[in-house]
Amino acid sequence: MASLLRHYSFSVPGPSSTSSPLVRIPVPSFFAPTSNQATWLYTSLAIVATLLVLEQSMYRYKKRHLPGATWTIPLIGKFADSMKPTMEGYMAQWNSGALSAISVFNMRVTFIVMASSNEYSRKILNSPNHAEPCLVHSAKSILMPDNWVFLTGKTHVDYRRVLNTLFTRKALSIYISIQDAISRNHLNQWLANAAKDPSPKSIMMTARELNMHTSLRVFCGNHIPEHGAAEINQKYWDITRALELVNFPFPFPGTKVYKAIQARKAAFKWLEMAAAKSKIAIAEGAEPECMLDQWVKEMQTPGYKGRKDFSDREMAMVVFSFLFASQDAMSSGLIYGFQHLADRPEILAKIREEQYRVRGNDVDKPMTLEMLEEMPYLKAFVKESMRIKPPVTMVPYRTTKPFPITSDYTVPASSMVIPSFYNSLHDPEVYPDHDSLVPERWLDPNNSANTNPQNYLVFGSGPHKCIGIEYAQLNIGLVLAIASVLTNWEHHLTPESDKVQIIATLFPKDGCLLKFTPRPKP
């Protein structure tokens, strides 16, 4: 047995430096780099380190003494924070200084200077020789780079000359009957839906649908068929979502910007058709029934000296930009109007009293401009509601050359410079008790709110100031006025009712949950 064991022991091969397969396993080259590989590795690391140092140095050079982060996150800067903006974050930035600095996508030179004071915000808005509107990085891809909202100089003036005629008293008198009829139809549908299901419902999308329906018919009349209007309404939400302040900037398939561009193409098909049909209708002697008709008719008026050769595409681009404003700014104003009135029944009671008096208790009487002039409290409420919760808190511009905004700081060329409106609208010296909703402040001509009109930046300032101020205030006021006499509504409060969701414009984070019931006639 011993000899047998010895035989097997001697027959089993032992480990050998020459026979073991382990020694033949190749060692990855990065564990034992060659001279050339080491050179490549160290060179690459040196280049990356140099670029990162350059990035930080450029940011600090541009920032100089402005408040803002001392260092910026490599490559992306504040991009991650900006993807989900909050009012708390914006307010912290605004309160950090009259001017402050941010950087997003640093190596793409998106250096941002944010202005929070009334002085610097107005200076940006009124300096067309140094800065032009850019809205957001993706805006020109979506709205088209030659859209009138981005134009400056004589070309922009030529547009405004004719577009101003679309918001005259004569023009508004055409629109108001359309607005009244559509608003009543939608409010009656809200009541019918509530009768089937009385639980509180968000008015986020229903208010947007009301505004889109109203705007399409005011702007285009019946030149767009119902199925065309439905397609625009269905797809326009993609455009809103893509025009947030910061978004993934490239239009790759599946991204918000890509979806918005496809939505724009679909909308343009119908809007260009509407412009062409409007020209034909007016040429055949029809009277204006919508904004496009009014535009075409105005260009034929004797004595008109403005541009007359607007193409169907150019007219479609204008209407497209108006739809964006009505869908976002007007919807925000309307939703907060409903919420503010629900939360302040004493103000709603005053609006109702004014409505009954002016209407002679006839709640079915259509609104007219003459009636609206007898409703100062309604107009004061709309103005104050939009001051408390401005739909648009800022409008990005891009510097076309170095912009000496102060005596000791010049904004670099090709930087984004953003005038912010919130602090101006909540200035305690101009608006005492500035966080309280007080419509009465606008009824006293000697009130500081009225004697300091430069602070009311809800609609901007300067050559690109909102051209449809009267239309926007009229539409919000009209809907709230009709709702006040046809319906009662209760606000279902949630922990997010007073929190803000920022989707291009401001909205209640919970969508504003309301419960509607019919209101008895007086």
# chains A, B, ... in the order shown; residues from 1 in each chain; ligands from 1

call {"tool": "residues_around", "arguments": {"residues": "region 373-388 of chain A", "least_positions_apart": "3", "cutoff": "6 Å", "atoms": "only C-alpha atoms", "output": "list of chain:residue names"}}
result
A:Ile351, A:Glu370, A:Leu425, A:Pro439, A:Trp442

call {"tool": "select_by_dssp", "arguments": {"residues": "region 460-498 of chain A", "states": "helix (DSSP H, G or I)", "output": "list in words"}}
result
Gly462, Pro463, His464, Ile469, Glu470, Tyr471, Ala472, Gln473, Leu474, Asn475, Ile476, Gly477, Leu478, Val479, Leu480, Ala481, Ile482, Ala483, Ser484, Val485 and Leu486 of chain A

call {"tool": "residues_around", "arguments": {"residues": "Lys401 (chain A)", "least_positions_apart": "3", "cutoff": "7 Å", "atoms": "only C-alpha atoms", "output": "tab-separated table (two decimals) with C-alpha atoms, in the first residue's frame"}}
result
chain	number	residue	atom	x	y	z
A	130	HIS	CA	-27.08	95.16	-26.88
A	413	ALA	CA	-21.17	88.91	-25.79
A	414	SER	CA	-23.24	85.80	-26.60

call {"tool": "closest_residue", "arguments": {"among": "A:Met371, A:Ile405, A:Leu292, A:Leu437", "to": "Val113 (chain A)", "atoms": "only C-alpha atoms"}}
result
A:Ile405

call {"tool": "atom_distance", "arguments": {"atom1": "CA of Phe268 (chain A)", "atom2": "CA of Met315 (chain A)"}}
result
10.0 Å

call {"tool": "residues_around", "arguments": {"residues": "Trp148 (chain A)", "least_positions_apart": "6", "cutoff": "8 Å", "atoms": "only C-alpha atoms", "output": "number ranges by chain"}}
result
A: 156, 159, 317-318

call {"tool": "atom_distance", "arguments": {"atom1": "CA of Val162 (chain A)", "atom2": "CA of Glu470 (chain A)"}}
result
16.2 Å

call {"tool": "select_by_dssp", "arguments": {"residues": "region 277-485 of chain A", "states": "strand (DSSP E or B)", "output": "ChimeraX atom specification"}}
result
/A:394,397-399,403-406,409-411,416-420

call {"tool": "write_last_selection", "arguments": {"atoms": "N, CA, C and O atoms", "output": "mmCIF file, in the first residue's frame"}}
result
data_model
loop_
_atom_site.group_PDB
_atom_site.id
_atom_site.type_symbol
_atom_site.label_atom_id
_atom_site.label_comp_id
_atom_site.auth_asym_id
_atom_site.auth_seq_id
_atom_site.Cartn_x
_atom_site.Cartn_y
_atom_site.Cartn_z
ATOM 1 N N MET A 394 -39.766 85.707 -15.984
ATOM 2 C CA MET A 394 -38.535 86.173 -16.622
ATOM 3 C C MET A 394 -38.606 85.896 -18.119
ATOM 4 O O MET A 394 -39.336 85.008 -18.562
ATOM 5 N N TYR A 397 -32.909 86.953 -22.705
ATOM 6 C CA TYR A 397 -32.343 87.651 -23.855
ATOM 7 C C TYR A 397 -30.922 87.139 -24.064
ATOM 8 O O TYR A 397 -30.334 86.544 -23.156
ATOM 9 N N ARG A 398 -30.365 87.391 -25.250
ATOM 10 C CA ARG A 398 -28.974 87.045 -25.510
ATOM 11 C C ARG A 398 -28.241 88.304 -25.967
ATOM 12 O O ARG A 398 -28.735 89.049 -26.817
ATOM 13 N N THR A 399 -27.076 88.529 -25.388
ATOM 14 C CA THR A 399 -26.306 89.725 -25.733
ATOM 15 C C THR A 399 -25.707 89.570 -27.134
ATOM 16 O O THR A 399 -25.143 88.534 -27.468
ATOM 17 N N PHE A 403 -22.176 94.031 -23.144
ATOM 18 C CA PHE A 403 -23.266 94.870 -22.642
ATOM 19 C C PHE A 403 -22.839 95.479 -21.298
ATOM 20 O O PHE A 403 -22.877 94.808 -20.272
ATOM 21 N N PRO A 404 -22.435 96.757 -21.292
ATOM 22 C CA PRO A 404 -22.047 97.406 -20.027
ATOM 23 C C PRO A 404 -23.279 97.742 -19.193
ATOM 24 O O PRO A 404 -23.764 98.865 -19.189
ATOM 25 N N ILE A 405 -23.757 96.759 -18.456
ATOM 26 C CA ILE A 405 -25.028 96.930 -17.748
ATOM 27 C C ILE A 405 -24.867 97.802 -16.508
ATOM 28 O O ILE A 405 -25.813 98.446 -16.065
ATOM 29 N N THR A 406 -23.671 97.836 -15.912
ATOM 30 C CA THR A 406 -23.369 98.743 -14.803
ATOM 31 C C THR A 406 -22.029 99.392 -15.077
ATOM 32 O O THR A 406 -21.319 99.031 -16.027
ATOM 33 N N TYR A 409 -19.497 96.439 -14.423
ATOM 34 C CA TYR A 409 -19.658 95.081 -14.940
ATOM 35 C C TYR A 409 -20.234 95.124 -16.349
ATOM 36 O O TYR A 409 -21.238 95.800 -16.609
ATOM 37 N N THR A 410 -19.590 94.365 -17.241
ATOM 38 C CA THR A 410 -20.043 94.224 -18.621
ATOM 39 C C THR A 410 -20.383 92.771 -18.887
ATOM 40 O O THR A 410 -19.541 91.881 -18.685
ATOM 41 N N VAL A 411 -21.602 92.514 -19.328
ATOM 42 C CA VAL A 411 -22.017 91.152 -19.662
ATOM 43 C C VAL A 411 -21.315 90.759 -20.961
ATOM 44 O O VAL A 411 -21.401 91.488 -21.951
ATOM 45 N N MET A 416 -26.380 84.758 -22.073
ATOM 46 C CA MET A 416 -27.804 84.920 -21.835
ATOM 47 C C MET A 416 -27.971 85.888 -20.669
ATOM 48 O O MET A 416 -27.298 85.751 -19.645
ATOM 49 N N VAL A 417 -28.815 86.880 -20.854
ATOM 50 C CA VAL A 417 -29.067 87.856 -19.793
ATOM 51 C C VAL A 417 -30.573 87.885 -19.572
ATOM 52 O O VAL A 417 -31.357 88.031 -20.519
ATOM 53 N N ILE A 418 -30.980 87.675 -18.315
ATOM 54 C CA ILE A 418 -32.395 87.412 -18.031
ATOM 55 C C ILE A 418 -32.990 88.460 -17.092
ATOM 56 O O ILE A 418 -32.656 88.498 -15.896
ATOM 57 N N PRO A 419 -33.869 89.319 -17.598
ATOM 58 C CA PRO A 419 -34.603 90.225 -16.715
ATOM 59 C C PRO A 419 -35.692 89.461 -15.978
ATOM 60 O O PRO A 419 -36.459 88.716 -16.589
ATOM 61 N N SER A 420 -35.755 89.620 -14.668
ATOM 62 C CA SER A 420 -36.751 88.930 -13.840
ATOM 63 C C SER A 420 -37.754 89.942 -13.314
ATOM 64 O O SER A 420 -37.399 91.069 -12.979
#

call {"tool": "residues_around", "arguments": {"residues": "Pro366 (chain A)", "least_positions_apart": "2", "cutoff": "8 Å", "atoms": "only C-alpha atoms", "output": "PyMOL selection string"}}
result
chain A and resi 177+180-181+364+368

call {"tool": "closest_residue", "arguments": {"among": "A:Met114, A:His491, A:Lys154, A:Ala139", "to": "Asp343 (chain A)", "atoms": "only C-alpha atoms"}}
result
A:His491
